[in-house]
$ cat model_16.cif   # mmCIF, C-alpha atoms
data_work
#
loop_
_atom_site.label_atom_id
_atom_site.label_comp_id
_atom_site.auth_asym_id
_atom_site.auth_seq_id
_atom_site.Cartn_x
_atom_site.Cartn_y
_atom_site.Cartn_z
CA MET A 1 -68.07 46.65 70.27
CA THR A 2 -68.81 42.99 69.79
CA ILE A 3 -72.19 43.91 68.32
CA LEU A 4 -70.55 46.49 66.10
CA TYR A 5 -68.08 43.89 64.88
CA ASP A 6 -70.76 41.31 64.18
CA ASN A 7 -72.86 43.79 62.22
CA TYR A 8 -70.21 45.57 60.21
CA SER A 9 -67.10 43.40 60.02
CA ALA A 10 -68.05 41.78 56.67
CA ALA A 11 -68.76 45.09 54.97
CA ILE A 12 -65.63 46.65 56.46
CA TYR A 13 -63.48 43.67 55.60
CA GLY A 14 -64.81 43.64 52.07
CA MET A 15 -64.07 47.32 51.71
CA ILE A 16 -60.57 46.87 53.09
CA MET A 17 -59.86 43.82 50.92
CA ARG A 18 -61.15 45.75 47.93
CA ILE A 19 -58.48 48.38 48.64
CA VAL A 20 -55.45 46.52 50.02
CA LYS A 21 -55.90 43.17 48.28
CA SER A 22 -53.86 41.25 50.80
CA GLU A 23 -55.36 39.25 53.63
CA ALA A 24 -52.39 39.90 55.93
CA VAL A 25 -52.55 43.65 55.35
CA ALA A 26 -56.34 43.61 55.54
CA GLU A 27 -56.15 42.09 59.03
CA ASP A 28 -53.87 44.89 60.18
CA VAL A 29 -56.10 47.52 58.63
CA MET A 30 -59.12 45.83 60.18
CA GLN A 31 -57.57 46.15 63.62
CA GLU A 32 -56.53 49.75 63.09
CA SER A 33 -59.96 50.64 61.77
CA PHE A 34 -61.80 49.19 64.74
CA VAL A 35 -59.43 50.89 67.15
CA LYS A 36 -60.08 54.17 65.35
CA ILE A 37 -63.84 53.61 65.39
CA TRP A 38 -63.64 52.78 69.04
CA THR A 39 -61.46 55.69 70.14
CA SER A 40 -63.28 58.30 68.07
CA PHE A 41 -66.76 57.00 68.61
CA GLU A 42 -67.79 60.08 70.56
CA GLN A 43 -67.06 62.16 67.47
CA TYR A 44 -69.80 60.36 65.58
CA ASN A 45 -72.88 62.51 65.34
CA VAL A 46 -76.21 61.07 64.23
CA GLU A 47 -77.15 64.50 62.86
CA LYS A 48 -74.27 64.48 60.44
CA GLY A 49 -74.86 61.19 58.77
CA ARG A 50 -75.42 57.46 58.77
CA LEU A 51 -73.43 55.28 61.17
CA PHE A 52 -72.59 52.85 58.37
CA THR A 53 -71.24 55.68 56.21
CA TRP A 54 -69.16 56.95 59.09
CA ILE A 55 -67.74 53.51 59.88
CA ILE A 56 -67.10 52.53 56.28
CA ASN A 57 -65.34 55.85 55.66
CA ILE A 58 -63.02 55.28 58.61
CA ALA A 59 -62.14 51.81 57.30
CA LYS A 60 -61.71 53.17 53.78
CA ASN A 61 -59.45 56.02 54.87
CA THR A 62 -57.40 53.71 57.04
CA ALA A 63 -56.97 51.28 54.16
CA ILE A 64 -56.05 54.04 51.72
CA ASP A 65 -53.58 55.52 54.18
CA LYS A 66 -52.08 52.07 54.52
CA ILE A 67 -51.49 51.45 50.82
CA ARG A 68 -50.10 54.95 50.42
CA SER A 69 -47.73 54.66 53.36
CA LYS A 70 -44.09 54.05 52.66
CA GLN A 71 -44.11 50.98 54.83
CA TYR A 72 -46.70 49.35 52.66
CA ARG A 73 -44.93 50.29 49.45
CA VAL A 74 -41.71 48.70 50.69
CA GLY A 75 -43.60 45.65 51.85
CA SER A 76 -45.54 45.27 48.66
CA ARG A 77 -42.45 45.74 46.57
CA THR A 78 -40.79 42.80 48.30
CA LYS A 79 -43.89 40.85 47.36
CA ALA A 80 -43.43 42.12 43.83
CA ILE A 81 -46.85 43.68 43.76
CA GLU A 82 -47.26 46.49 41.34
CA ASP A 83 -48.68 49.46 43.13
CA SER A 84 -48.62 52.27 40.62
CA GLY A 85 -51.92 54.06 40.33
CA VAL A 86 -53.40 52.63 37.19
CA SER A 87 -52.32 49.03 37.50
CA ASN A 88 -53.48 48.99 41.09
CA MET A 89 -56.75 50.50 40.06
CA GLU A 90 -57.23 48.10 37.22
CA SER A 91 -56.41 45.07 39.29
CA SER A 92 -59.13 46.13 41.67
CA TYR A 93 -61.72 45.49 38.99
CA ASP A 94 -60.62 41.89 38.78
CA ILE A 95 -62.19 41.14 42.12
CA LYS A 96 -64.92 38.66 41.47
CA PRO A 97 -68.30 39.63 42.82
CA GLU A 98 -68.88 37.27 45.70
CA GLN A 99 -72.20 38.61 46.72
CA LEU A 100 -75.39 37.66 45.04
CA GLY A 101 -76.74 40.69 43.25
CA LEU A 102 -73.42 42.39 42.64
CA LYS A 103 -73.31 41.05 39.10
CA GLU A 104 -76.69 42.49 38.36
CA VAL A 105 -75.77 45.84 39.89
CA VAL A 106 -72.47 46.00 38.10
CA ALA A 107 -74.18 45.04 34.87
CA GLN A 108 -76.56 47.95 35.22
CA LEU A 109 -73.71 50.40 35.59
CA ASN A 110 -71.99 51.95 32.67
CA PRO A 111 -68.36 50.71 32.88
CA ASP A 112 -67.02 54.25 32.55
CA GLN A 113 -69.24 55.45 35.36
CA LYS A 114 -68.38 52.48 37.55
CA GLN A 115 -64.69 53.02 36.97
CA ILE A 116 -64.91 56.61 38.16
CA ILE A 117 -66.98 55.73 41.23
CA ASP A 118 -64.61 52.94 42.16
CA MET A 119 -61.50 55.05 41.66
CA MET A 120 -62.86 57.72 43.93
CA TYR A 121 -64.83 55.64 46.37
CA PHE A 122 -62.50 52.72 46.83
CA ASP A 123 -59.11 54.05 45.89
CA GLY A 124 -59.40 57.55 47.27
CA TYR A 125 -58.76 59.49 44.11
CA THR A 126 -59.85 63.12 44.05
CA GLN A 127 -61.88 64.32 41.11
CA SER A 128 -58.87 66.10 39.57
CA GLU A 129 -56.72 62.97 40.04
CA VAL A 130 -59.35 60.93 38.24
CA ALA A 131 -59.50 63.52 35.47
CA GLU A 132 -55.75 63.44 35.12
CA GLU A 133 -55.49 59.67 35.33
CA LEU A 134 -58.18 59.07 32.72
CA SER A 135 -57.37 62.19 30.67
CA ILE A 136 -60.93 63.45 30.81
CA PRO A 137 -62.24 66.92 31.78
CA LEU A 138 -63.28 67.62 35.36
CA GLY A 139 -66.84 68.25 34.22
CA THR A 140 -67.02 64.79 32.73
CA VAL A 141 -65.90 63.27 36.04
CA LYS A 142 -68.74 65.09 37.74
CA THR A 143 -71.40 64.12 35.26
CA ARG A 144 -70.32 60.48 35.16
CA SER A 145 -70.23 60.15 38.93
CA ARG A 146 -73.61 61.86 39.08
CA ALA A 147 -75.04 59.40 36.57
CA ALA A 148 -73.52 56.41 38.33
CA ILE A 149 -74.87 57.40 41.70
CA LYS A 150 -78.29 58.16 40.28
CA MET A 151 -78.26 54.65 38.96
CA LEU A 152 -77.16 53.27 42.34
CA ILE A 153 -79.91 55.18 44.12
CA LYS A 154 -82.41 53.78 41.68
CA LEU A 155 -81.04 50.25 41.98
CA PHE A 156 -81.08 50.17 45.74
CA ARG A 157 -84.39 51.90 46.22
CA MET B 158 -79.56 79.70 44.72
CA ASP B 159 -80.80 76.95 42.46
CA ILE B 160 -80.69 73.88 44.66
CA GLU B 161 -81.67 71.56 41.80
CA ALA B 162 -78.74 72.82 39.76
CA TYR B 163 -76.43 72.47 42.74
CA ILE B 164 -77.48 68.86 43.27
CA SER B 165 -77.30 67.94 39.60
CA SER B 166 -73.83 69.46 39.32
CA GLY B 167 -72.57 66.19 40.85
CA ILE B 168 -70.74 67.88 43.69
CA LEU B 169 -72.66 65.87 46.28
CA ASP B 170 -71.67 62.62 44.60
CA LEU B 171 -68.05 63.65 44.65
CA PHE B 172 -68.48 64.57 48.29
CA SER B 173 -69.97 61.20 49.11
CA VAL B 174 -67.30 59.17 47.43
CA GLY B 175 -64.64 61.29 49.16
CA ALA B 176 -63.23 62.89 46.02
CA LEU B 177 -63.35 66.52 47.20
CA THR B 178 -60.64 68.64 48.76
CA ASP B 179 -61.08 69.82 52.35
CA ALA B 180 -62.22 73.30 51.25
CA GLU B 181 -64.81 71.83 48.87
CA ARG B 182 -66.01 69.43 51.56
CA LYS B 183 -66.60 72.28 54.00
CA GLU B 184 -68.60 74.12 51.37
CA VAL B 185 -70.83 71.08 50.82
CA LEU B 186 -71.35 70.65 54.57
CA ARG B 187 -72.38 74.30 54.82
CA MET B 188 -74.88 73.80 52.03
CA ALA B 189 -76.26 70.64 53.59
CA GLU B 190 -76.81 72.50 56.84
CA ARG B 191 -78.55 75.34 55.06
CA TYR B 192 -80.75 73.41 52.62
CA PRO B 193 -82.71 70.37 53.73
CA GLU B 194 -82.96 69.24 50.10
CA VAL B 195 -79.18 69.03 49.89
CA LYS B 196 -79.05 67.08 53.11
CA ALA B 197 -81.74 64.69 51.95
CA GLU B 198 -79.97 64.10 48.64
CA LEU B 199 -76.68 63.50 50.48
CA ASN B 200 -78.44 60.92 52.65
CA ARG B 201 -79.82 59.19 49.58
CA ILE B 202 -76.42 59.11 47.92
CA GLU B 203 -74.69 57.81 51.02
CA ALA B 204 -77.30 55.13 51.55
CA ALA B 205 -76.81 53.98 47.96
CA LEU B 206 -73.03 53.99 48.34
CA ASP B 207 -73.29 52.11 51.61
CA GLN B 208 -75.26 49.42 49.87
CA TYR B 209 -72.85 49.43 46.99
CA ALA B 210 -69.98 48.94 49.42
CA ALA B 211 -71.93 46.25 51.20
CA LEU B 212 -72.06 44.30 47.92
CA TYR B 213 -68.36 43.77 48.30
CA ALA B 214 -68.74 42.45 51.82
CA ILE B 215 -66.52 39.50 52.57
CA ALA B 216 -66.76 37.56 55.79
CA PRO B 217 -63.46 38.12 57.57
CA PRO B 218 -61.47 35.13 58.84
CA ALA B 219 -62.90 33.83 62.11
CA HIS B 220 -59.70 34.37 64.08
CA LEU B 221 -59.70 38.07 63.21
CA LYS B 222 -62.53 38.89 65.58
CA ALA B 223 -60.59 38.07 68.72
CA LYS B 224 -57.57 39.91 67.38
CA VAL B 225 -59.55 43.04 66.60
CA LEU B 226 -61.41 43.01 69.90
CA ALA B 227 -58.11 42.56 71.75
CA ALA B 228 -56.63 45.50 69.89
CA VAL B 229 -59.68 47.59 70.76
CA THR B 230 -59.55 46.70 74.45
CA GLN B 231 -55.91 47.67 74.55
CA SER B 232 -56.72 51.03 73.06
CA LYS B 233 -58.21 53.85 75.07
CA PRO B 234 -61.77 52.91 75.94
CA LEU B 235 -64.43 55.53 75.47
CA ALA B 236 -67.60 55.83 77.45
CA VAL B 237 -69.79 56.70 74.51
CA GLY B 238 -71.51 53.70 73.00
CA SER B 239 -69.63 51.21 75.09
CA THR B 240 -71.41 48.37 76.81
CA GLU B 241 -70.84 47.38 80.42
CA GLU B 242 -68.75 44.41 79.36
CA GLU B 243 -66.33 46.55 77.45
CA LYS B 244 -66.12 49.19 80.14
CA SER B 245 -64.94 46.63 82.66
CA VAL B 246 -62.07 45.46 80.51
CA PRO B 247 -58.87 46.83 82.05
CA VAL B 248 -56.55 48.91 79.95
CA VAL B 249 -53.17 47.28 79.64
CA ILE B 250 -50.34 49.73 79.25
CA PRO B 251 -47.15 47.86 78.51
CA PHE B 252 -44.00 49.28 80.02
CA GLY B 253 -41.02 49.88 77.82
CA ARG B 254 -37.67 48.55 78.96
CA ILE B 255 -36.35 52.06 79.61
CA ASN B 256 -39.42 52.88 81.64
CA GLN B 257 -38.99 49.74 83.66
CA ALA B 258 -35.36 50.48 84.38
CA ALA B 259 -36.18 54.03 85.39
CA THR B 260 -39.05 52.85 87.53
CA SER B 261 -37.04 50.18 89.32
CA SER B 262 -34.20 52.63 89.88
CA ALA B 263 -36.58 55.18 91.32
CA PHE B 264 -38.10 52.42 93.41
CA LYS B 265 -34.68 51.47 94.77
CA TRP B 266 -34.00 55.05 95.74
CA LEU B 267 -37.36 55.24 97.39
CA ILE B 268 -36.65 52.12 99.45
CA ALA B 269 -33.20 53.41 100.41
CA ALA B 270 -34.68 56.72 101.48
CA SER B 271 -37.43 55.01 103.48
CA VAL B 272 -34.97 52.72 105.27
CA THR B 273 -32.69 55.65 106.09
CA LEU B 274 -35.57 57.63 107.47
CA LEU B 275 -36.73 54.66 109.51
CA LEU B 276 -33.25 54.21 111.04
CA ILE B 277 -32.95 57.91 111.88
CA SER B 278 -36.40 57.89 113.37
CA ASN B 279 -35.61 54.82 115.50
CA ALA B 280 -32.33 56.34 116.74
CA LEU B 281 -34.12 59.53 117.69
CA SER B 282 -36.82 57.55 119.49
CA VAL B 283 -34.23 55.70 121.60
CA TYR B 284 -32.36 58.94 122.31
CA PHE B 285 -35.47 60.80 123.41
CA TYR B 286 -36.74 57.83 125.41
CA ASN B 287 -33.47 57.70 127.36
CA ASN B 288 -33.56 61.43 127.94
CA TRP B 289 -37.09 61.17 129.17
CA LYS B 290 -36.18 58.30 131.54
CA LYS B 291 -33.27 60.26 132.99
CA THR B 292 -35.41 63.33 133.45
CA GLU B 293 -38.09 61.26 135.13
CA GLU B 294 -35.53 59.84 137.59
CA ARG B 295 -34.17 63.28 138.34
CA LEU B 296 -37.65 64.59 138.88
CA GLN B 297 -38.37 61.78 141.37
CA LEU B 298 -35.12 62.49 143.21
CA ALA B 299 -35.93 66.19 143.29
CA GLU B 300 -39.41 65.53 144.65
CA LEU B 301 -38.00 63.16 147.26
CA SER B 302 -35.48 65.69 148.50
CA LYS B 303 -38.10 68.40 148.41
CA ASN B 304 -40.30 66.28 150.70
CA GLN B 305 -37.35 65.66 152.98
CA TYR B 306 -36.62 69.37 153.15
CA ALA B 307 -40.24 70.07 153.89
CA GLN B 308 -40.21 67.48 156.70
CA ASN B 309 -36.97 68.89 158.02
CA ILE B 310 -38.36 72.40 158.04
CA GLU B 311 -41.48 71.19 159.81
CA ARG B 312 -39.40 69.42 162.43
CA VAL B 313 -37.16 72.43 162.88
CA GLN B 314 -40.15 74.69 163.26
CA GLN B 315 -41.72 72.37 165.82
CA LYS B 316 -38.48 72.33 167.73
CA LEU B 317 -38.14 76.08 167.43
CA SER B 318 -41.57 76.69 168.82
CA GLN B 319 -40.88 74.15 171.58
CA ASN B 320 -37.60 75.83 172.39
CA GLU B 321 -39.21 79.22 172.36
CA LYS B 322 -41.82 77.98 174.80
CA ALA B 323 -39.11 76.38 176.90
CA LEU B 324 -37.02 79.52 176.84
CA THR B 325 -39.99 81.63 177.81
CA LEU B 326 -40.64 79.19 180.59
CA ILE B 327 -37.08 79.01 181.80
CA SER B 328 -36.54 82.76 181.68
CA ASP B 329 -39.82 83.32 183.44
CA PRO B 330 -39.28 84.32 187.08
CA ALA B 331 -42.17 82.12 188.06
CA THR B 332 -40.36 79.05 186.79
CA GLN B 333 -38.73 76.85 189.35
CA ARG B 334 -35.61 74.99 188.37
CA ILE B 335 -35.08 71.62 190.00
CA LEU B 336 -31.89 69.70 189.53
CA LEU B 337 -32.24 65.91 189.46
CA LYS B 338 -29.03 64.21 190.47
CA GLY B 339 -27.86 60.73 189.91
CA VAL B 340 -28.62 58.23 192.65
CA ALA B 341 -26.64 55.15 193.64
CA LYS B 342 -27.58 53.25 190.52
CA SER B 343 -26.22 55.87 188.17
CA PRO B 344 -24.30 58.66 189.92
CA GLU B 345 -23.25 60.27 186.63
CA SER B 346 -26.79 60.91 185.47
CA LYS B 347 -28.27 64.40 185.55
CA ALA B 348 -31.49 66.10 184.51
CA THR B 349 -33.27 69.37 185.07
CA VAL B 350 -36.98 69.98 185.59
CA TYR B 351 -38.47 73.40 184.94
CA TRP B 352 -41.77 73.82 186.70
CA HIS B 353 -43.86 76.91 186.18
CA GLN B 354 -45.63 77.81 189.35
CA GLU B 355 -48.55 79.55 187.70
CA THR B 356 -49.27 77.40 184.64
CA LYS B 357 -48.03 74.27 186.39
CA GLY B 358 -46.27 73.33 183.19
CA VAL B 359 -43.36 70.89 183.55
CA PHE B 360 -40.39 70.79 181.25
CA LEU B 361 -37.51 68.38 181.30
CA SER B 362 -33.97 68.65 180.08
CA VAL B 363 -32.05 65.38 180.19
CA ASP B 364 -28.36 65.87 180.72
CA ASN B 365 -27.02 62.38 180.99
CA LEU B 366 -28.93 59.16 181.17
CA PRO B 367 -27.78 55.72 179.98
CA VAL B 368 -29.30 54.64 176.68
CA PRO B 369 -32.34 52.50 177.63
CA PRO B 370 -32.95 49.03 176.18
CA SER B 371 -35.34 49.13 173.27
CA ASN B 372 -38.20 47.63 175.29
CA GLN B 373 -37.83 50.14 178.14
CA GLN B 374 -38.35 53.87 178.58
CA TYR B 375 -37.57 56.50 181.21
CA GLN B 376 -40.56 57.95 183.01
CA LEU B 377 -40.73 61.21 184.99
CA TRP B 378 -42.51 61.18 188.33
CA ALA B 379 -43.60 63.94 190.67
CA LEU B 380 -43.59 63.01 194.34
CA MET B 381 -46.07 64.52 196.75
CA ASP B 382 -46.25 63.31 200.29
CA GLY B 383 -44.45 60.10 199.23
CA LYS B 384 -46.98 59.39 196.47
CA PRO B 385 -45.67 59.22 192.91
CA ILE B 386 -47.59 61.05 190.18
CA ASP B 387 -46.96 60.24 186.51
CA ALA B 388 -45.41 63.23 184.72
CA GLY B 389 -44.97 61.64 181.30
CA MET B 390 -42.50 59.56 179.34
CA VAL B 391 -39.05 60.80 178.51
CA ASN B 392 -38.19 60.91 174.86
CA SER B 393 -34.70 59.46 174.80
CA ALA B 394 -34.15 60.42 171.20
CA GLU B 395 -34.17 64.12 172.11
CA SER B 396 -30.74 65.58 172.41
CA ALA B 397 -29.31 66.52 175.76
CA LEU B 398 -29.87 70.20 175.26
CA ALA B 399 -33.49 69.83 174.18
CA VAL B 400 -36.20 70.75 176.57
CA GLN B 401 -39.22 68.45 176.51
CA SER B 402 -42.70 69.40 177.51
CA MET B 403 -44.07 67.01 180.16
CA LYS B 404 -47.43 66.64 181.90
CA SER B 405 -48.59 69.48 184.07
CA ILE B 406 -48.12 68.91 187.76
CA THR B 407 -50.05 70.94 190.32
CA GLN B 408 -48.25 69.90 193.44
CA ALA B 409 -44.84 68.27 194.00
CA GLN B 410 -42.16 67.99 196.58
CA ALA B 411 -39.70 66.09 194.44
CA PHE B 412 -39.14 64.78 190.91
CA ALA B 413 -37.59 61.49 189.91
CA ILE B 414 -36.92 59.44 186.79
CA THR B 415 -37.19 55.66 186.68
CA LEU B 416 -36.64 53.11 183.94
CA GLU B 417 -39.95 51.46 183.10
CA PRO B 418 -41.26 49.08 180.44
CA ALA B 419 -41.98 50.90 177.16
CA GLY B 420 -45.22 52.89 177.41
CA GLY B 421 -44.77 53.58 181.13
CA SER B 422 -46.15 52.20 184.40
CA ILE B 423 -48.86 53.33 186.76
CA ALA B 424 -46.46 53.16 189.70
CA PRO B 425 -42.74 53.72 189.53
CA THR B 426 -40.34 50.82 189.83
CA LEU B 427 -38.31 52.33 192.64
CA ASP B 428 -35.24 50.13 192.30
CA GLN B 429 -34.95 51.40 188.78
CA MET B 430 -34.63 55.07 189.81
CA TYR B 431 -31.83 56.90 188.07
CA VAL B 432 -32.09 60.53 189.13
CA MET B 433 -34.00 62.48 191.77
CA GLY B 434 -34.27 66.05 193.01
CA THR B 435 -36.25 67.66 195.73
CA ILE B 436 -37.70 71.13 195.69
#
$ encode --input "model_16.cif" --output "structure tokens"
Amino acid sequence: MTILYDNYSAAIYGMIMRIVKSEAVAEDVMQESFVKIWTSFEQYNVEKGRLFTWIINIAKNTAIDKIRSKQYRVGSRTKAIEDSGVSNMESSYDIKPEQLGLKEVVAQLNPDQKQIIDMMYFDGYTQSEVAEELSIPLGTVKTRSRAAIKMLIKLFR
Amino acid sequence: MDIEAYISSGILDLFSVGALTDAERKEVLRMAERYPEVKAELNRIEAALDQYAALYAIAPPAHLKAKVLAAVTQSKPLAVGSTEEEKSVPVVIPFGRINQAATSSAFKWLIAASVTLLLISNALSVYFYNNWKKTEERLQLAELSKNQYAQNIERVQQKLSQNEKALTLISDPATQRILLKGVAKSPESKATVYWHQETKGVFLSVDNLPVPPSNQQYQLWALMDGKPIDAGMVNSAESALAVQSMKSITQAQAFAITLEPAGGSIAPTLDQMYVMGTI
């Protein structure tokens, strides 16, 4: 578990911070995520996918569950943090790229495509929620996400 | 099915970013299992997304590591993928206050029950030990009296057989009865000698002789031509009516009893003669 933490904690923490945007909450989510990873580790199957994907998805889902839970809403309201869908989503784009290379990657992505990927990937929107939120057809959501990911695949090759 | 069209529809991308409903997800998983191309594309997409996510990596605060690892150790450990170090970490299950109260109450009851049982058990032990002791004593007494009875019976039987012999002897016509009368020293004394002429057996019945001192004993003598012949020691303990078997005497003209040192003498002490009778 120590090895797991050393290898993945930065990526997981970044993912969590990207979603919850509060260090205090991120620490809680971090703990919960690692407990979940630990207790459900036997459910991980190499056949089904990459370990990183599996781990990052657990952290992501935990973080999303957290910001959607009533507890968090009450807590964030006392901190006067706006948590309605769009404003939350938009604030997430304000995060400054801290990693070398992120700027270049982000620059390569079409902003519309990036927005859709981020809404779904980081904020847990479904395709129909994205369509509704952005007032675009479902088909457009699909084509944009397809284009964005094609670009990512190309960039990271 | 056109796999290229399926992939380019963007469904796999939606799957990878987690934007599909559960039903749609299952469909994609089925496809990935069926078509290697779909699976390969999914892998590519996920790898790209992983790297995209990794771009946002932020080093977590240093103190968080200990916190997270502590939280993990307190959770249920799983064997899969765990290292030895983690396996050995004990699972701490905190007790709630209610649990503690219930536990301590149950514990108190348990102690009370144990103590009660111990006391009952001790009391029973003492009771049964005493019973056993008493029974043991009674058994010893019973065995003692049984032995005494056995001895008594033996003695009685000996006496009976003696008496039967004596009676046979006395009632036998061949038996001569000689009365020994008290002499000057003790005129009150009396004894009877039964002498069988054929078997030469001699029997003595003491009627009245003074109790001898503990270091002395009466001795019966047969007299033949003035010579005394030892006829055996008289058992003073025998009752007056008892008939004692003495030594066989072949020839005799008279019988006499003298008081001799315990164990008898070779020759009679004549001044200690108590009774005498001639044939």
$ atom_distance --input "model_16.cif" --atom1 "CA of Tyr5 in chain A" --atom2 "CA of Phe34 in chain A"
8.2 Å
$ interface_residues --input "model_16.cif" --of "chain B" --to "chain A" --cutoff "6 Å" --atoms "all atoms listed in the file" --output "compact mmCIF listing (two decimals) with C-alpha atoms, in the frame of the given file"
# COMPACT_ATOMS: atom_id res chain seq x y z
CA GLY B 167 -72.57 66.19 40.85
CA ASP B 170 -71.67 62.62 44.60
CA VAL B 174 -67.30 59.17 47.43
CA ALA B 176 -63.23 62.89 46.02
CA LEU B 177 -63.35 66.52 47.20
CA ALA B 205 -76.81 53.98 47.96
CA ALA B 211 -71.93 46.25 51.20
CA LEU B 212 -72.06 44.30 47.92
CA TYR B 213 -68.36 43.77 48.30
CA ALA B 214 -68.74 42.45 51.82
CA ILE B 215 -66.52 39.50 52.57
CA ALA B 216 -66.76 37.56 55.79
CA PRO B 217 -63.46 38.12 57.57
CA VAL B 225 -59.55 43.04 66.60
CA VAL B 229 -59.68 47.59 70.76
CA VAL B 237 -69.79 56.70 74.51
$ residues_around --input "model_16.cif" --residues "range 323-334 of chain B" --least-positions-apart "4" --cutoff "6 Å" --atoms "all atoms listed in the file" --output "ChimeraX atom specification"
/B:350-354
$ write_last_selection --input "model_16.cif" --atoms "C-alpha atoms" --output "compact mmCIF listing (two decimals), in the coordinates of the input"
# COMPACT_ATOMS: atom_id res chain seq x y z
CA VAL B 350 -36.98 69.98 185.59
CA TYR B 351 -38.47 73.40 184.94
CA TRP B 352 -41.77 73.82 186.70
CA HIS B 353 -43.86 76.91 186.18
CA GLN B 354 -45.63 77.81 189.35
$ resolve_selection --input "model_16.cif" --expression "the PyMOL selection byres ((chain B and resi 385) around 12)" --output "MDAnalysis selection string"
chainID B and resid 376:384 386:389 406 408:415 422:427
$ atom_distance --input "model_16.cif" --atom1 "CA of Val25 in chain A" --atom2 "CA of Ala219 in chain B"
15.8 Å
$ residues_near_point --input "model_16.cif" --point "(-48.7, 59.2, 175.3)" --cutoff "10 Å" --atoms "only C-alpha atoms" --output "list in words"
Gly389, Met390, Gly420 and Gly421 of chain B
$ resolve_selection --input "model_16.cif" --expression "the PyMOL selection byres ((chain B and resi 196) around 12)" --output "PyMOL selection string"
(chain A and resi 47-50) or (chain B and resi 160+163-164+169+172-173+185-195+197-203)
$ residues_around --input "model_16.cif" --residues "Gln319 in chain B" --least-positions-apart "2" --cutoff "8 Å" --atoms "only C-alpha atoms" --output "VMD selection string"
chain B and resid 315 to 317 321 to 323 400 to 402
$ atom_distance --input "model_16.cif" --atom1 "CA of Ile168 in chain B" --atom2 "CA of Arg182 in chain B"
9.3 Å
$ resolve_selection --input "model_16.cif" --expression "the PyMOL selection byres ((chain B and resi 366) around 8)" --output "PDB file with C-alpha atoms, in the frame of the given file"
ATOM      1  CA  GLU B 345     -23.250  60.270 186.630  1.00  0.00           C
ATOM      2  CA  SER B 346     -26.790  60.910 185.470  1.00  0.00           C
ATOM      3  CA  LYS B 347     -28.270  64.400 185.550  1.00  0.00           C
ATOM      4  CA  VAL B 363     -32.050  65.380 180.190  1.00  0.00           C
ATOM      5  CA  ASP B 364     -28.360  65.870 180.720  1.00  0.00           C
ATOM      6  CA  ASN B 365     -27.020  62.380 180.990  1.00  0.00           C
ATOM      7  CA  PRO B 367     -27.780  55.720 179.980  1.00  0.00           C
ATOM      8  CA  VAL B 368     -29.300  54.640 176.680  1.00  0.00           C
ATOM      9  CA  TYR B 431     -31.830  56.900 188.070  1.00  0.00           C
TER      10      TYR B 431
END
$ closest_residue --input "model_16.cif" --among "B:Gln208, B:Pro418, B:Gly434, B:Ser262" --to "Lys338 in chain B" --atoms "all atoms listed in the file"
B:Gly434
